[in-house]
Structures are given as structure tokens and as C-alpha cells.
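K.L.:
Contents are PDB, C-alpha atoms, pLDDT in the B column; file name coords16.pdb:
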```
ATOM      1  CA  PHE H   1     159.120  47.580  16.525  1.00 78.00           C
ATOM      2  CA  GLU H   2     159.268  43.894  15.654  1.00 74.00           C
ATOM      3  CA  ASN H   3     160.050  42.944  12.034  1.00 73.00           C
ATOM      4  CA  GLY H   4     163.627  43.946  11.333  1.00 72.00           C
ATOM      5  CA  SER H   5     164.115  45.257  14.850  1.00 84.00           C
ATOM      6  CA  THR H   6     167.694  45.182  16.131  1.00 83.00           C
ATOM      7  CA  THR H   7     166.616  45.718  19.743  1.00 89.00           C
ATOM      8  CA  ALA H   8     163.735  43.269  20.260  1.00 89.00           C
ATOM      9  CA  TYR H   9     166.197  40.418  20.827  1.00 85.00           C
ATOM     10  CA  PHE H  10     167.767  42.172  23.812  1.00 87.00           C
ATOM     11  CA  GLU H  11     164.363  43.020  25.238  1.00 91.00           C
ATOM     12  CA  VAL H  12     162.962  39.477  24.921  1.00 89.00           C
ATOM     13  CA  LYS H  13     166.080  37.482  25.780  1.00 88.00           C
ATOM     14  CA  HIS H  14     167.735  39.739  28.340  1.00 88.00           C
ATOM     15  CA  GLY H  15     164.962  41.906  29.784  1.00 92.00           C
ATOM     16  CA  TRP H  16     166.331  45.148  28.387  1.00 92.00           C
ATOM     17  CA  THR H  17     164.209  48.250  27.968  1.00 94.00           C
ATOM     18  CA  GLY H  18     164.843  51.417  26.046  1.00 95.00           C
ATOM     19  CA  LEU H  19     163.599  54.174  23.759  1.00 96.00           C
ATOM     20  CA  LEU H  20     162.025  53.582  20.332  1.00 96.00           C
ATOM     21  CA  VAL H  21     161.733  56.430  17.817  1.00 95.00           C
ATOM     22  CA  GLU H  22     159.539  56.049  14.723  1.00 92.00           C
ATOM     23  CA  PRO H  23     158.507  58.935  12.434  1.00 89.00           C
ATOM     24  CA  VAL H  24     155.976  57.098  10.218  1.00 86.00           C
ATOM     25  CA  SER H  25     152.549  57.339  11.872  1.00 87.00           C
ATOM     26  CA  PHE H  26     151.052  54.023  10.716  1.00 88.00           C
ATOM     27  CA  LEU H  27     154.243  52.110  11.577  1.00 87.00           C
ATOM     28  CA  TYR H  28     154.244  53.742  14.984  1.00 92.00           C
ATOM     29  CA  GLU H  29     150.612  52.782  15.625  1.00 93.00           C
ATOM     30  CA  GLU H  30     151.285  49.216  14.478  1.00 91.00           C
ATOM     31  CA  GLY H  31     154.335  49.126  16.721  1.00 91.00           C
ATOM     32  CA  ARG H  32     152.387  50.143  19.791  1.00 91.00           C
ATOM     33  CA  LEU H  33     150.264  47.016  19.365  1.00 91.00           C
ATOM     34  CA  LYS H  34     153.409  44.915  19.908  1.00 90.00           C
ATOM     35  CA  HIS H  35     153.487  46.082  23.543  1.00 89.00           C
ATOM     36  CA  ARG H  36     157.242  46.510  23.652  1.00 92.00           C
ATOM     37  CA  ASN H  37     158.700  47.047  27.117  1.00 91.00           C
ATOM     38  CA  SER H  38     160.122  50.387  26.049  1.00 94.00           C
ATOM     39  CA  ILE H  39     159.247  54.052  25.854  1.00 95.00           C
ATOM     40  CA  SER H  40     158.200  54.987  22.330  1.00 95.00           C
ATOM     41  CA  VAL H  41     157.706  58.306  20.593  1.00 95.00           C
ATOM     42  CA  GLN H  42     156.467  59.241  17.153  1.00 94.00           C
ATOM     43  CA  THR H  43     158.951  61.810  15.949  1.00 93.00           C
ATOM     44  CA  CYS H  44     162.097  62.136  13.851  1.00 91.00           C
ATOM     45  CA  LEU H  45     165.644  62.774  15.012  1.00 94.00           C
ATOM     46  CA  SER H  46     166.783  66.283  14.224  1.00 94.00           C
ATOM     47  CA  PRO H  47     169.935  66.763  12.108  1.00 92.00           C
ATOM     48  CA  LEU H  48     170.420  70.031  13.999  1.00 93.00           C
ATOM     49  CA  PRO H  49     171.194  70.543  17.719  1.00 95.00           C
ATOM     50  CA  ARG H  50     167.710  71.983  18.225  1.00 95.00           C
ATOM     51  CA  LEU H  51     164.072  71.385  17.409  1.00 94.00           C
ATOM     52  CA  ALA H  52     163.710  71.541  13.630  1.00 90.00           C
ATOM     53  CA  GLN H  53     160.820  71.325  11.214  1.00 88.00           C
ATOM     54  CA  MET H  54     161.927  68.971   8.456  1.00 84.00           C
ATOM     55  CA  ALA H  55     160.335  67.268   5.468  1.00 81.00           C
ATOM     56  CA  PHE H  56     160.072  63.502   5.832  1.00 80.00           C
ATOM     57  CA  ASN H  57     160.209  61.760   2.452  1.00 76.00           C
ATOM     58  CA  VAL H  58     157.919  58.735   2.576  1.00 69.00           C
ATOM     59  CA  ASP H  59     159.509  57.244  -0.552  1.00 69.00           C
ATOM     60  CA  THR H  60     163.072  57.214   0.838  1.00 68.00           C
ATOM     61  CA  GLU H  61     161.912  56.871   4.474  1.00 67.00           C
ATOM     62  CA  GLY H  62     164.308  59.632   5.452  1.00 67.00           C
ATOM     63  CA  LEU H  63     164.601  63.364   6.051  1.00 70.00           C
ATOM     64  CA  GLU H  64     165.235  65.826   3.250  1.00 59.00           C
ATOM     65  CA  VAL H  65     168.157  67.435   5.080  1.00 61.00           C
ATOM     66  CA  TYR H  66     169.578  69.174   2.025  1.00 53.00           C
ATOM     67  CA  GLY H  67     166.735  68.484  -0.381  1.00 53.00           C
ATOM     68  CA  LYS H  68     163.830  70.515  -1.676  1.00 55.00           C
ATOM     69  CA  ASN H  69     161.598  69.860   1.309  1.00 56.00           C
ATOM     70  CA  LYS H  70     159.431  67.367  -0.529  1.00 66.00           C
ATOM     71  CA  GLY H  71     157.475  65.308   1.948  1.00 74.00           C
ATOM     72  CA  VAL H  72     155.481  65.482   5.154  1.00 79.00           C
ATOM     73  CA  LEU H  73     156.598  68.281   7.474  1.00 85.00           C
ATOM     74  CA  MET H  74     157.497  67.002  10.930  1.00 87.00           C
ATOM     75  CA  GLU H  75     158.864  68.446  14.151  1.00 90.00           C
ATOM     76  CA  CYS H  76     162.155  66.644  14.742  1.00 93.00           C
ATOM     77  CA  LEU H  77     163.824  66.450  18.147  1.00 96.00           C
ATOM     78  CA  PRO H  78     167.565  66.192  18.854  1.00 97.00           C
ATOM     79  CA  LEU H  79     168.694  62.800  20.096  1.00 97.00           C
ATOM     80  CA  TYR H  80     170.209  64.405  23.183  1.00 98.00           C
ATOM     81  CA  SER H  81     166.860  66.017  24.084  1.00 97.00           C
ATOM     82  CA  LEU H  82     165.155  62.621  23.959  1.00 97.00           C
ATOM     83  CA  LEU H  83     167.891  61.063  26.096  1.00 97.00           C
ATOM     84  CA  GLN H  84     167.528  63.885  28.609  1.00 97.00           C
ATOM     85  CA  ALA H  85     163.774  63.319  28.726  1.00 96.00           C
ATOM     86  CA  VAL H  86     164.322  59.711  29.880  1.00 96.00           C
ATOM     87  CA  GLY H  87     166.990  60.623  32.420  1.00 96.00           C
ATOM     88  CA  ASN H  88     170.102  60.448  30.208  1.00 95.00           C
ATOM     89  CA  PRO H  89     170.911  56.851  31.163  1.00 94.00           C
ATOM     90  CA  THR H  90     173.889  54.829  29.974  1.00 96.00           C
ATOM     91  CA  VAL H  91     172.879  53.527  26.547  1.00 97.00           C
ATOM     92  CA  ASN H  92     174.199  49.990  26.174  1.00 94.00           C
ATOM     93  CA  TYR H  93     173.159  49.675  22.540  1.00 94.00           C
ATOM     94  CA  PHE H  94     172.034  52.355  20.092  1.00 96.00           C
ATOM     95  CA  SER H  95     170.737  51.492  16.620  1.00 94.00           C
ATOM     96  CA  LEU H  96     170.628  54.392  14.153  1.00 95.00           C
ATOM     97  CA  ASP H  97     168.944  53.765  10.812  1.00 90.00           C
ATOM     98  CA  VAL H  98     167.461  56.874   9.197  1.00 89.00           C
ATOM     99  CA  GLU H  99     168.236  56.207   5.532  1.00 83.00           C
ATOM    100  CA  GLY H 100     171.027  58.704   5.023  1.00 83.00           C
ATOM    101  CA  GLY H 101     171.047  61.365   7.763  1.00 88.00           C
ATOM    102  CA  GLU H 102     173.015  59.370  10.345  1.00 93.00           C
ATOM    103  CA  PHE H 103     176.153  61.528  10.252  1.00 95.00           C
ATOM    104  CA  GLN H 104     174.202  64.766  10.742  1.00 94.00           C
ATOM    105  CA  ILE H 105     172.341  63.315  13.741  1.00 95.00           C
ATOM    106  CA  LEU H 106     175.557  62.071  15.350  1.00 97.00           C
ATOM    107  CA  GLN H 107     177.105  65.515  14.978  1.00 97.00           C
ATOM    108  CA  THR H 108     174.369  67.023  17.172  1.00 97.00           C
ATOM    109  CA  VAL H 109     175.314  64.900  20.196  1.00 98.00           C
ATOM    110  CA  PRO H 110     177.375  66.476  23.006  1.00 98.00           C
ATOM    111  CA  TRP H 111     179.553  63.383  23.410  1.00 98.00           C
ATOM    112  CA  ASP H 112     181.088  64.508  26.690  1.00 97.00           C
ATOM    113  CA  GLN H 113     177.597  64.506  28.237  1.00 97.00           C
ATOM    114  CA  VAL H 114     176.334  61.076  27.140  1.00 98.00           C
ATOM    115  CA  ASP H 115     177.420  57.472  27.644  1.00 97.00           C
ATOM    116  CA  ILE H 116     176.603  55.372  24.576  1.00 97.00           C
ATOM    117  CA  GLU H 117     178.528  52.113  24.686  1.00 95.00           C
ATOM    118  CA  VAL H 118     177.833  50.344  21.384  1.00 93.00           C
ATOM    119  CA  MET H 119     176.258  51.704  18.210  1.00 95.00           C
ATOM    120  CA  SER H 120     174.942  50.033  15.075  1.00 93.00           C
ATOM    121  CA  ILE H 121     174.832  52.648  12.327  1.00 94.00           C
ATOM    122  CA  GLU H 122     173.502  52.239   8.819  1.00 91.00           C
ATOM    123  CA  THR H 123     176.222  53.542   6.492  1.00 91.00           C
ATOM    124  CA  HIS H 124     175.385  52.598   2.899  1.00 84.00           C
ATOM    125  CA  PHE H 125     173.708  55.963   2.208  1.00 84.00           C
ATOM    126  CA  ALA H 126     176.470  58.043   3.831  1.00 85.00           C
ATOM    127  CA  GLY H 127     177.519  60.660   1.310  1.00 79.00           C
ATOM    128  CA  VAL H 128     174.780  59.569  -1.083  1.00 81.00           C
ATOM    129  CA  ARG H 129     171.607  61.177   0.219  1.00 77.00           C
ATOM    130  CA  ASN H 130     173.257  63.714   2.523  1.00 81.00           C
ATOM    131  CA  LYS H 131     176.649  65.316   3.052  1.00 85.00           C
ATOM    132  CA  GLY H 132     179.414  63.499   4.906  1.00 88.00           C
ATOM    133  CA  SER H 133     181.051  60.341   3.596  1.00 92.00           C
ATOM    134  CA  LYS H 134     181.335  57.054   5.451  1.00 92.00           C
ATOM    135  CA  GLU H 135     185.051  57.765   5.914  1.00 95.00           C
ATOM    136  CA  GLU H 136     184.244  61.112   7.539  1.00 96.00           C
ATOM    137  CA  LEU H 137     181.682  59.443   9.812  1.00 96.00           C
ATOM    138  CA  VAL H 138     184.231  56.824  10.903  1.00 95.00           C
ATOM    139  CA  GLU H 139     186.879  59.492  11.532  1.00 97.00           C
ATOM    140  CA  PHE H 140     184.402  61.593  13.528  1.00 97.00           C
ATOM    141  CA  LEU H 141     183.458  58.724  15.835  1.00 97.00           C
ATOM    142  CA  ALA H 142     187.100  57.696  16.222  1.00 96.00           C
ATOM    143  CA  SER H 143     187.725  61.182  17.584  1.00 97.00           C
ATOM    144  CA  LYS H 144     184.996  60.477  20.162  1.00 97.00           C
ATOM    145  CA  GLY H 145     186.700  57.262  21.302  1.00 95.00           C
ATOM    146  CA  TYR H 146     184.997  54.548  19.265  1.00 95.00           C
ATOM    147  CA  VAL H 147     186.481  51.469  17.593  1.00 91.00           C
ATOM    148  CA  HIS H 148     184.982  50.841  14.152  1.00 92.00           C
ATOM    149  CA  ILE H 149     183.870  47.348  13.110  1.00 88.00           C
ATOM    150  CA  PRO H 150     183.003  47.504   9.376  1.00 86.00           C
ATOM    151  CA  ASN H 151     179.717  45.774   8.567  1.00 76.00           C
ATOM    152  CA  GLY H 152     179.767  44.377  12.097  1.00 72.00           C
ATOM    153  CA  HIS H 153     176.012  43.878  12.234  1.00 63.00           C
ATOM    154  CA  LYS H 154     175.446  41.717   9.173  1.00 61.00           C
ATOM    155  CA  GLU H 155     172.149  41.590   7.300  1.00 64.00           C
ATOM    156  CA  GLU H 156     171.092  39.687   4.193  1.00 64.00           C
ATOM    157  CA  ALA H 157     168.674  42.383   3.021  1.00 68.00           C
ATOM    158  CA  LYS H 158     169.407  44.267  -0.198  1.00 67.00           C
ATOM    159  CA  PHE H 159     168.403  47.582  -1.754  1.00 63.00           C
ATOM    160  CA  PHE H 160     168.528  48.891  -5.325  1.00 65.00           C
ATOM    161  CA  LEU H 161     170.875  51.815  -6.027  1.00 65.00           C
ATOM    162  CA  ASP H 162     172.724  53.059  -9.111  1.00 68.00           C
ATOM    163  CA  GLY H 163     171.320  50.294 -11.278  1.00 74.00           C
ATOM    164  CA  LYS H 164     172.318  47.372  -9.067  1.00 74.00           C
ATOM    165  CA  TRP H 165     171.341  45.479  -5.934  1.00 72.00           C
ATOM    166  CA  GLN H 166     173.525  46.109  -2.897  1.00 72.00           C
ATOM    167  CA  TYR H 167     173.628  44.705   0.612  1.00 73.00           C
ATOM    168  CA  ILE H 168     172.554  46.871   3.520  1.00 78.00           C
ATOM    169  CA  GLN H 169     175.602  48.020   5.494  1.00 85.00           C
ATOM    170  CA  ASN H 170     175.389  48.371   9.273  1.00 88.00           C
ATOM    171  CA  ASP H 171     178.689  49.220  10.941  1.00 92.00           C
ATOM    172  CA  LEU H 172     179.327  48.777  14.649  1.00 91.00           C
ATOM    173  CA  PHE H 173     181.098  51.348  16.795  1.00 94.00           C
ATOM    174  CA  VAL H 174     182.291  50.280  20.243  1.00 93.00           C
ATOM    175  CA  GLN H 175     183.681  52.408  23.049  1.00 95.00           C
ATOM    176  CA  LYS H 176     187.400  51.739  23.308  1.00 90.00           C
ATOM    177  CA  LYS H 177     187.155  50.996  27.045  1.00 89.00           C
ATOM    178  CA  LEU H 178     184.698  48.139  26.402  1.00 88.00           C
ATOM    179  CA  VAL H 179     186.801  46.229  23.881  1.00 83.00           C
ATOM    180  CA  PRO H 180     188.559  43.909  26.406  1.00 80.00           C
ATOM    181  CA  ASP H 181     185.272  42.917  28.071  1.00 80.00           C
ATOM    182  CA  ILE H 182     183.558  42.252  24.746  1.00 75.00           C
ATOM    183  CA  LEU H 183     186.427  40.097  23.534  1.00 74.00           C
ATOM    184  CA  SER H 184     186.335  38.019  26.708  1.00 77.00           C
ATOM    185  CA  ASN H 185     182.592  37.408  26.328  1.00 76.00           C
ATOM    186  CA  CYS H 186     182.310  36.644  22.617  1.00 74.00           C
ATOM    187  CA  HIS H 187     181.008  33.156  23.387  1.00 69.00           C
ATOM    188  CA  THR H 188     177.854  34.629  24.961  1.00 71.00           C
ATOM    189  CA  ILE H 189     176.933  36.931  22.080  1.00 64.00           C
ATOM    190  CA  SER H 190     173.966  36.178  19.799  1.00 61.00           C
ATOM    191  CA  ASP H 191     174.533  34.760  16.325  1.00 64.00           C
ATOM    192  CA  SER H 192     173.804  38.135  14.682  1.00 58.00           C
ATOM    193  CA  TYR H 193     176.918  39.566  16.299  1.00 62.00           C
ATOM    194  CA  LYS H 194     179.291  36.563  16.217  1.00 64.00           C
ATOM    195  CA  ASP H 195     180.936  37.938  13.100  1.00 68.00           C
ATOM    196  CA  ALA H 196     181.411  41.296  14.816  1.00 70.00           C
ATOM    197  CA  CYS H 197     183.345  39.577  17.582  1.00 72.00           C
ATOM    198  CA  GLU H 198     185.549  37.880  15.041  1.00 70.00           C
ATOM    199  CA  ARG H 199     186.197  41.207  13.339  1.00 67.00           C
ATOM    200  CA  LEU H 200     187.003  42.809  16.671  1.00 69.00           C
ATOM    201  CA  LEU H 201     189.407  40.001  17.444  1.00 67.00           C
ATOM    202  CA  SER H 202     191.187  40.723  14.175  1.00 67.00           C
ATOM    203  CA  LEU H 203     191.462  44.372  15.173  1.00 63.00           C
ATOM    204  CA  LYS H 204     193.143  43.315  18.381  1.00 54.00           C
ATOM    205  CA  ASN H 205     196.464  43.172  16.560  1.00 51.00           C
ATOM    206  CA  ASP H 206     197.885  45.967  14.392  1.00 46.00           C
ATOM    207  CA  SER H 207     194.799  48.094  13.710  1.00 47.00           C
ATOM    208  CA  LEU H 208     193.605  48.115  17.330  1.00 43.00           C
ATOM    209  CA  GLN H 209     197.100  48.968  18.579  1.00 49.00           C
ATOM    210  CA  GLN H 210     197.210  51.863  16.127  1.00 47.00           C
ATOM    211  CA  PHE H 211     193.846  53.051  17.413  1.00 41.00           C
ATOM    212  CA  HIS H 212     195.088  52.945  21.014  1.00 44.00           C
ATOM    213  CA  SER H 213     198.174  54.977  20.156  1.00 45.00           C
ATOM    214  CA  LYS H 214     196.059  57.660  18.491  1.00 45.00           C
ATOM    215  CA  VAL H 215     193.518  57.984  21.319  1.00 43.00           C
ATOM    216  CA  GLU H 216     195.665  57.604  24.410  1.00 43.00           C
TER     217      GLU H 216
END
```
Please render this file's structure as C-alpha cells.
P.N.:
Amino acid sequence: FENGSTTAYFEVKHGWTGLLVEPVSFLYEEGRLKHRNSISVQTCLSPLPRLAQMAFNVDTEGLEVYGKNKGVLMECLPLYSLLQAVGNPTVNYFSLDVEGGEFQILQTVPWDQVDIEVMSIETHFAGVRNKGSKEELVEFLASKGYVHIPNGHKEEAKFFLDGKWQYIQNDLFVQKKLVPDILSNCHTISDSYKDACERLLSLKNDSLQQFHSKVE
């Protein structure tokens, strides 16, 4: 809700509001004390296009989608159901960080019925804790009309995996139709996303032209 939040900046600096989802009960209760100007709900996002009872692993802070159901059983709601509950608005920025089940959650979304403009998606556990590689995730979202900016939302935090420390990876995905507007307003973007603008500018040449030819 506050520490490590990717949305608090937009709420404080630009008056945005939104929807906050937190499965861990004590983190949710602590978050409510921050008095965020957003709707919040204590639940988990379902990796299925329906309500699903899943085991939440406190150690990995993620769902046991294909595991042995070790953890606290929770009723998880589809992302689309939560969006419908708040009126299915245009989502200007969506941050998805569920420690490995991102691809499964994205696959539940009826993309022709939502309008999500920019997404920050944690990708370093793709294909590690659950099925679906990062490459498959990128290809899937490209088919839905998104431009991929690798590691577009940079963080300095690290995690320990396979015997070594690695940087957290958060990739940005931007609706193709928004690319020109974003490029023309790079000078107004916060420092956390300056690098993303530079990466998007680099895509403006060959890679972005290739993307256009595939989608159009």
C-alpha cells in the first residue's frame, strides 16, 4: 500500500484513484491504515476465469497454481470480476506482481471487454514457479496489441534464486495506440519511468515498425 508501491506516486502526485488487491491479511490491515484514496480488497487474483479456492504460500508470497496446495486456502477472484465490480473503467496503469502466476492471471482476461492502457508485470518468476515462459507471456500480450518494454520499470531490489542474487524484473506493456502520445510526453514522466521512455524511443525504429506490421 505504501512501501514498494508502484501506484502511490500517481495517487499522491496526480490525484489518481484505483483498486488495490492484497491477499496477506496483516499487510492488508496495515495498508488500510495508510488511508489510500482507492478501493481495496483482501483477496487473491484467480489464475482461472472463475472463482477458485487456491493455496496461498506465505513463504513465496504467491499461489500454488500447480503445486501441492501447501499454504493458506483462499477464495480467489478473477481480475475481470473485480474490474466489473468497480464499473469496468479504463485502467490507465495496472501493476501485476504475484510472484509467479502473472501469465495465468492475464490469460483469464477477456481482452476485448477491457481497456488497460499500460501494465507493469513482474516477469522474473515466469516459467520458474508456474507454467508459461516470459517469451510466451510477451507473445501472448503482443497478440492483444501491446508493445513490450523489457525491464521498463527498473528496480534496485534483488532476490535469491538458483544460488545467486538477481535483480527483480518488471516489464512494461503499452497499448500500441498510446505509443505516439507517450513518446511526445516523455519529459513529463517520473524518474522511475524515464528509462522506459528511452527504451520505447529505441523501439521506434526497426523493432516498433516490425510490431506495427504484425498487428495492423
K.L.:
Using only C-alpha atoms for the distances, tell me which of H:Asn37, H:Ser143, H:Ser25, H:Thr108 is nearest to Met74 of chain H.
P.N.:
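Of all the options, H:Ser25 lies closest to Met74 of chain H.
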K.L.:
For a test of reading the model, state the distance in Å between atom CA of Leu172 of chain H and atom CA of Leu141 of chain H, rounded to one decimal.
P.N.:
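Going from atom CA of Leu172 of chain H over to atom CA of Leu141 of chain H, I get 10.8 Å.
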K.L.:
In Å, with one decimal, what is the gap from atom CA of Gln104 of chain H to atom CA of Pro49 of chain H?
P.N.:
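According to the coordinates, atom CA of Gln104 of chain H and atom CA of Pro49 of chain H are separated by 9.5 Å.
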K.L.:
Kindly indicate which residue among H:Leu27, H:Asp115, H:Gly100, H:Glu198 lies nearest to Gly127 of chain H, using all atoms listed in the file for the distances.
P.N.:
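Selected residue with least distance to Gly127 of chain H: H:Gly100.
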K.L.:
For atom CA of Thr6 of chain H and atom CA of His148 of chain H, quote the distance in Å rounded to one decimal.
P.N.:
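Computed distance, atom CA of Thr6 of chain H to atom CA of His148 of chain H, equals 18.3 Å.
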K.L.:
Mind checking which residues fall within 12 Å of Asp97 of chain H, counting all atoms listed in the file, ignoring those fewer than 6 positions away in the same chain, and posting them as a list in words?
P.N.:
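After dropping sequence-adjacent residues, the list is Gly4, Ser5, Thr6, Leu20, Val21, Glu22, Pro23, Cys44, Leu45, Glu61, Gly62, Leu63, Phe103, Ile105, Leu106, Met119, Ser120, Ile121, Glu122, Thr123, His124, Phe125, Ala126, Ile168, Gln169, Asn170 and Asp171 of chain H.
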K.L.:
Give me, as a PyMOL selection string, all polymer residues having an atom no more than 10 Å from Leu19 of chain H, counting only C-alpha atoms and skipping those fewer than 4 positions away in the same chain.
P.N.:
chain H and resi 7+36-41+82-83+86+91+94
K.L.:
List as a list of chain:residue names the protein and nucleic acid residues near His35 of chain H, meaning an atom at most 12 Å away when only C-alpha atoms are counted, but skip any in the same chain fewer than 6 places from it.
P.N.:
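Answer for this query is H:Phe1, H:Glu2, H:Ala8, H:Glu11, H:Val12, H:Thr17, H:Leu20, H:Tyr28, H:Glu29.
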K.L.:
So which residues touch Val114 of chain H within 9 Å, counting all atoms listed in the file, skipping near sequence neighbours fewer than 5 positions away, as a list of chain:residue names?
P.N.:
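The contact residues come out as H:Tyr80, H:Leu83, H:Asn88, H:Pro89, H:Thr90, H:Val91, H:Val109.
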K.L.:
For Leu73 of chain H, find every residue with an atom within 10 Å (counting all atoms listed in the file), except residues of its own chain fewer than 5 positions away, and show them as number ranges by chain.
P.N.:
H: 52-57, 63-64
K.L.:
With C-alpha atoms kept, could you save the residues just selected as a PDB file, in the coordinates of the input?
P.N.:
```
ATOM      1  CA  ALA H  52     163.710  71.541  13.630  1.00 90.00           C
ATOM      2  CA  GLN H  53     160.820  71.325  11.214  1.00 88.00           C
ATOM      3  CA  MET H  54     161.927  68.971   8.456  1.00 84.00           C
ATOM      4  CA  ALA H  55     160.335  67.268   5.468  1.00 81.00           C
ATOM      5  CA  PHE H  56     160.072  63.502   5.832  1.00 80.00           C
ATOM      6  CA  ASN H  57     160.209  61.760   2.452  1.00 76.00           C
ATOM      7  CA  LEU H  63     164.601  63.364   6.051  1.00 70.00           C
ATOM      8  CA  GLU H  64     165.235  65.826   3.250  1.00 59.00           C
TER       9      GLU H  64
END
```
K.L.:
With distances taken over only C-alpha atoms, which residue among H:Asn130, H:Val174, H:Val179, H:Gly15 lies nearest Ile149 of chain H?
P.N.:
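Comparing H:Asn130, H:Val174, H:Val179, H:Gly15 against Ile149 of chain H, the winner is H:Val174.
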K.L.:
Would you mind telling me which residue in H:Leu77, H:Val118, H:Leu33, H:Val72 lies nearest to Ser46 of chain H when using all atoms listed in the file?
P.N.:
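So, comparing all the options, the nearest one is H:Leu77.
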K.L.:
Counting all atoms listed in the file, which residue out of H:Pro180, H:Arg50, H:Gln107, H:Tyr93 sits closest to Leu137 of chain H?
P.N.:
H:Gln107
